[in-house]
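I have placed the structure first, in the form of structure tokens, so that the comments after it can refer back to it.
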Amino acid sequence: MNNALRTTAFAAALAATFGAAYGVGRGVDPLVAAEDRPAGQHGGHDGAGEGGAEAAGHAPGGLQISDGGYTLALGTPVVPAGARSEIRFAVKDDSGRKVTAYRREHGKELHFILASTDLTQYRHLHPVRAADGTWSTPVDLPEAGGYRVFADFTPAAAGAENLTLGADLAVSGAYRPAALPAPAAVAEVDGYRVTLGGELRAGQTGELTPSISRNGRPVTDLEPYLGAYGHLVALRAGDLAYLHVHPDEGDPGPVVSFAATAPSAGTYRLFLDFKHRGKVRTAAFTVRAAAPASDAEGHGESGSGAPAGHTH
């Protein structure tokens with residue numbers, strides 16, 4: 001395939017991917033209200049989204065490029081696959097000025113998450129802010145396709161709340177979409193075995209309890225990473241609605257406990273960051289959040305909720 005044809009095919013595939021994601025985002029179940037979210041969970045806000053079920057509830061994070069008077073301005077909408085490049089962006093206020101003052105949360109002014117729309121690629125990056133409010137971070141993505149970037153932050157302005165804004169990123173190259181990995185309760189990464197217990201619930205707080213072992217032995221000496229013994233990001237398949245959950249207080253392993261509420265029933269990809277022996281590793285899981293029992297009964301569905309990583 002020549003370069004022009006490859007670029008055209010990629011653009012068409014990318015448009016189809018974003019169109020499907022947009023459609024799914026408008027077709028999901030009603031969303032959980034802000035007061036029903038655990039205190040350590042980011043994603044979602046106290047304002048209503050535009051139209052449909054989201055207007056009656058509260059949109060989860062990452063679905064909007066603008067919210068609460070702030071906009072994510074992505075200065076690098078396209079990067080090449082398989083090559084080191086730089087992503088530049090800024091957060092602008094409702095006057096168009098770049099934001100230069102943020103509240104520090106978990107050791108950072110801003111958390112920057114990047115994921116492919118097929119949820120097979122994931123990065124938790126730590127960009128650097130210039131004095132003028134421009135953020136930048138190096139990135140090397142091996143696979144072409146559609147991606148979504150998320151900026152999770154709290155402006156320093158009085159009364160400002162935590163926001164998660166999202167924007168689309170295209171990675172150029174030969175595009176080969178991958179299937180979402182099947183639900184599983186166990187993930188292997190760099191010789192570590194991570195087993196996910198508990199369940200993710202739609203509209204209700206559930207407890208997720210990943211346990212970590214290495215060479216058959218529990219890891220009991222996890223190291224703090226951004227002020228905690230683990231960080232969990234959940235992305236909803238289809239539209240990539242975003243949840244960022246911090247763990248409950250506890251000992252450094254082998255079990256880390258997270259309280260999380262899914263915004264709707266459906267399939268999610270969970271990414272667990274943990275640090276051991278000086279290195280941060282990421283374990284990924286596919287889970288299904290069942291509808292609340294009352295909703296499931298009303299629709300004649302079996303919805304009592306399967307354990308995380310499993311399905312009936």
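Going through the structure tokens in order, the chains are called A, B, and so on, while each chain numbers its residues from 1 and the ligands are numbered from 1 in the order shown.
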List every residue of stretch 84-238 of chain A that DSSP, applied to the backbone of this structure, places in strand (DSSP E or B), and write the result as JSON, numbers by chain. {"A": [84, 85, 86, 87, 88, 89, 90, 91, 92, 98, 102, 105, 108, 110, 111, 112, 113, 114, 115, 116, 122, 123, 124, 125, 128, 129, 134, 135, 136, 137, 138, 139, 140, 145, 146, 147, 148, 149, 150, 151, 152, 153, 155, 163, 164, 165, 166, 167, 168, 169, 170, 171, 172, 186, 187, 188, 189, 192, 193, 194, 195, 196, 197, 198, 201, 202, 206, 207, 208, 209, 210, 211, 212, 213, 214, 217, 218, 223, 225, 228, 231, 232, 233, 234, 235, 236]}
Using only C-alpha atoms, determine which residues lie at most 9 Å from A:Arg236, disregarding the query and same-chain residues fewer than 6 positions distant; provide the list as a PyMOL selection string. chain A and resi 242-243+262-264+266-270
Which of stretch 63-311 of chain A DSSP labels helix (DSSP H, G or I), written as a list in words: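 Checking each residue of stretch 63-311 of chain A, the helix (DSSP H, G or I) ones are Ala293, Ser294, Asp295, Ala296, Glu297 and Gly298 of chain A.
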Name all residues at most 12 Å from A:Thr164 (count only C-alpha atoms; drop same-chain ones fewer than 6 positions away) and give them as a PyMOL selection string. chain A and resi 41-45+59-68+70-72+91+110-113+149-155+241-244
Kindly provide the residues of stretch 74-181 of chain A that approach stretch 221-227 of chain A to within 8 Å, each paired with its closest atom pair and their distance in Å to one decimal, based on only C-alpha atoms, listed by chain and increasing number, as a tab-separated table.
residue	atom	partner	partner_atom	distance
A:His106	CA	A:Leu226	CA	5.1
A:Gly107	CA	A:Leu226	CA	5.5
A:Lys108	CA	A:Leu226	CA	7.6
Let me see the file: selected residues, N, CA, C and O atoms, as a PDB file, in the first residue's frame.
ATOM      1  N   HIS A 106      -1.613  14.339  45.036  1.00  0.00           N
ATOM      2  CA  HIS A 106      -0.767  13.145  44.943  1.00  0.00           C
ATOM      3  C   HIS A 106       0.570  13.477  44.289  1.00  0.00           C
ATOM      4  O   HIS A 106       1.059  12.755  43.413  1.00  0.00           O
ATOM      5  N   GLY A 107       1.142  14.593  44.741  1.00  0.00           N
ATOM      6  CA  GLY A 107       2.489  14.972  44.349  1.00  0.00           C
ATOM      7  C   GLY A 107       2.612  15.663  43.008  1.00  0.00           C
ATOM      8  O   GLY A 107       3.709  16.075  42.634  1.00  0.00           O
ATOM      9  N   LYS A 108       1.515  15.836  42.256  1.00  0.00           N
ATOM     10  CA  LYS A 108       1.589  16.436  40.923  1.00  0.00           C
ATOM     11  C   LYS A 108       0.518  17.503  40.741  1.00  0.00           C
ATOM     12  O   LYS A 108      -0.571  17.421  41.308  1.00  0.00           O
TER      13      LYS A 108
END
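For the atom pair formed by atom CA of A:Thr261 and atom CA of A:Gln204, the distance is 5.5 Å, given to one decimal.
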Which residue of A:His276, A:Ala259, A:Pro127, A:Val186 approaches A:Thr205 most closely, using only C-alpha atoms: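 Closest to A:Thr205, using only C-alpha atoms: A:Ala259.
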I want to know what sits within 7 Å of A:Ser211, based on only C-alpha atoms, with residues of the same chain fewer than 4 positions away left out; could you give that as a PyMOL selection string? chain A and resi 194-196+254-256
